[in-house]
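Inspection log for the structure reproduced underneath, given as structure tokens.
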Number of protein chains: 2
Amino acid sequence: MMTDTKNVQVGFVGLGIMGQSMAGHLLKAGHPLHLFNRTRSSAEALVARGAVWHETVGAMAAASDFVISMVGYPADVEAIYLGAGGIIGSARGGTVLIDMTTSSPDLAKKIAAAAQQRGLLALDAPVSGGDIGAREARLSIMVGGDQLAFEKALPLLQLMGGNVVLQGGPGAGQHTKMCNQIVIASTMLGVCEGLAYAQRSGLDPQTVLQSIGSGAASSFALNNLGLRILKNDFAPGFFIEHFVKDMGIALSEARRMNLDLPGLTLASQLYQQLVTLGYARNGTQALFKHYES
Amino acid sequence: MMTDTKNVQVGFVGLGIMGQSMAGHLLKAGHPLHLFNRTRSSAEALVARGAVWHETVGAMAAASDFVISMVGYPADVEAIYLGAGGIIGSARGGTVLIDMTTSSPDLAKKIAAAAQQRGLLALDAPVSGGDIGAREARLSIMVGGDQLAFEKALPLLQLMGGNVVLQGGPGAGQHTKMCNQIVIASTMLGVCEGLAYAQRSGLDPQTVLQSIGSGAASSFALNNLGLRILKNDFAPGFFIEHFVKDMGIALSEARRMNLDLPGLTLASQLYQQLVTLGYARNGTQALFKHYES
């Protein structure tokens, strides 16, 4: 339990849609908040609420007891943590580093090892729940790292998430997120194929959902993204290009483990085709476009 | 609304695990029940409760105001309805025929047309919900046929199901059931692949479910069949061999509609391999066997 949030300095890098909401919860709870971001304009709203802007990621890290990152790709994670002037080289001893980006389990292990060498603690803590989950502080946060670091970080994580679970050592959070994405990938195939069949066979897909939306076929995807499909709403809750990144990491990890995942392979191929066709910035439910004639 | 169930004679053919529960609800509600089944022994418990056994499907049909069938394969449906001495040739004018078998939409249309010619009403009304849904009268019943027949049958259907929806004309019930199975097929791929990845990467799959079981990856399949997989419980809620039949019908309909369903195609192939390996009488969650090394 943190008794005085004013004494706990929190750094945050990566102020996309989700990062802004997450950092906002930390600020609201009373934490002094130190920001760095590739584009400064994304920090302005938080700075207006009292957050401190830093000109480099290293300066942000040096000012913080906890550093939280929520950036785009594994290459970005590697650069901010391990690059010259990066977080690991700049943070004070004892600082807890929390990467909440969906990234590779291997990189999480590499960061944890480098952090340990410098007397820092590191957690990988990717999330599920999308923009809405971030806004409402109801994210599922899947954590990898050691118990001590987890316990130190838990009060902060609970400000952003409703379901915070330590899954194992370094990389276990990322592996768990891969499980999540693997399940979603083929579930999306099922949702889109079922609705495409409904449409093509002349049924009313809305009425079909009344029959199949609450039984053995039911899923979050069917009842949420399925409904958006039927409204022709392909706006992003989660971008196809980010999902393609995640599936790429999962496939590469699966190959390394000698695990053949044909459903994931298929979903990844279809989503990549959609990127080629210009749907990268659509929501994942735009997989349905593949089935439209 | 039926005011006196004692005057409504109901015939029932197909006393498998589900059929027995369903027929039992009709009997319990006070309907005189007329039975025929390929093996007489399956009728004995219901006969002991007052149901009447008939030596032929035609005799059963001739004694009934409503005829309900819940048999195995489309070939069985065709034989009992359209074969010599079958239901359509034997039923009295005005009888309502309700096929609750999962069967082909085309056959449902053929039966409806033949029924109309003889002054009978016909519905296709396949179900979802499995043995438990049948036992607890909570089946989802997906109905195809005309409104009048639906209204006549509704009080009976509501004795067996919790969610009875008219989906359209003849065949629409079967098409809706195909949507249900198509969604489930790829969802099962996702569940099994996600759990296989969890296991292979050294995570505790039970703990993984704590993180992913209530968010964007959540589904009935993940939270029910996924749990059975983790308990090494591959006992049938729904037999693989029946699921293979259903996917075969769906694929053949999809081909006819010029609709390519790669997820369904993949799932159907993997399930067929499991049949070859001797898993036909396992539950659908045994798809997980495909991913075990």
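In the structure tokens, the first chain shown is A, the next is B, and so on; residue numbers restart at 1 for each chain, and ligands run from 1 in the order shown.
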
**Item:** chain A contacts to chain B at 6 Å (only C-alpha atoms) as a VMD selection string
**Value:** chain A and resid 179 to 180 182 to 184 186 to 187 189 to 191 194 212 216 to 220 263

**Message:** Using only C-alpha atoms, which protein or nucleic acid residues come within 12 Å of Leu154 in chain B? Drop anything in the same chain fewer than 2 positions from it, and give the result as a PyMOL selection string.
**Reply:** chain B and resi 1-2+66+96+98+123+125+141-143+147-152+156-166

**Message:** Between CA of Ala59 in chain A and CA of Ser90 in chain A, what distance in Å does the model show, to one decimal?
**Reply:**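 Between these atoms lies a distance of 7.2 Å.
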
**Prompt:** Any idea what the distance is between CA of Ser42 in chain A and CA of Leu15 in chain A?
**Reply:** 6.0 Å

**Message:** Please compute the CA of Leu33 in chain B-CA of Ala48 in chain B distance, one decimal, in Å.
**Reply:**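 Between these atoms lies a distance of 11.7 Å.
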
Counting only C-alpha atoms, what are the residues of range 56-156 of chain A within 12 Å of range 231-244 of chain A, and for each of them which pair of atoms is the nearest and at what distance in Å, to one decimal? Sort the table by chain and rising number, as JSON lines.
```
{"residue": "A:Val71", "atom": "CA", "partner": "A:His242", "partner_atom": "CA", "distance": 11.3}
{"residue": "A:Gly72", "atom": "CA", "partner": "A:His242", "partner_atom": "CA", "distance": 8.1}
{"residue": "A:Tyr73", "atom": "CA", "partner": "A:His242", "partner_atom": "CA", "distance": 8.5}
{"residue": "A:Pro74", "atom": "CA", "partner": "A:His242", "partner_atom": "CA", "distance": 11.4}
{"residue": "A:Thr101", "atom": "CA", "partner": "A:His242", "partner_atom": "CA", "distance": 10.9}
{"residue": "A:Thr102", "atom": "CA", "partner": "A:His242", "partner_atom": "CA", "distance": 9.2}
{"residue": "A:Ser103", "atom": "CA", "partner": "A:His242", "partner_atom": "CA", "distance": 10.7}
{"residue": "A:Ser128", "atom": "CA", "partner": "A:Phe238", "partner_atom": "CA", "distance": 10.2}
{"residue": "A:Gly129", "atom": "CA", "partner": "A:Phe238", "partner_atom": "CA", "distance": 9.4}
{"residue": "A:Gly130", "atom": "CA", "partner": "A:Gly237", "partner_atom": "CA", "distance": 6.4}
{"residue": "A:Asp131", "atom": "CA", "partner": "A:Gly237", "partner_atom": "CA", "distance": 6.6}
{"residue": "A:Ile132", "atom": "CA", "partner": "A:Gly237", "partner_atom": "CA", "distance": 8.2}
{"residue": "A:Gly133", "atom": "CA", "partner": "A:Gly237", "partner_atom": "CA", "distance": 10.5}
{"residue": "A:Ala134", "atom": "CA", "partner": "A:Gly237", "partner_atom": "CA", "distance": 11.5}
```

**Request:** Would you return as a ChimeraX atom specification the members of range 47-126 of chain A that DSSP assigns to strand (DSSP E) on this structure's backbone?
**Result:** /A:52-53,66-69,96-99,121-124

**Prompt:** Contacts of Asp4 in chain B at 12 Å or less, counting only C-alpha atoms, minus same-chain residues fewer than 5 places along, as a ChimeraX atom specification?
**Reply:** /B:9,29-32,155

**Request:** Excluding Ala79 in chain A and any residue of its chain fewer than 6 positions from it, enumerate the residues within 12 Å of it, using only C-alpha atoms, and give them as a PyMOL selection string.
**Result:** chain A and resi 38+57-58+69+71-73+85-89+107+111

**Request:** For each of B:Ser104, B:Val275, B:Ser41, B:Ser64, take the minimum atom-to-atom distance to Asp246 in chain B, counting only C-alpha atoms, then give the residue where this is smallest.
**Result:**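 Using only C-alpha atoms, the shortest distance to Asp246 in chain B belongs to B:Ser104.
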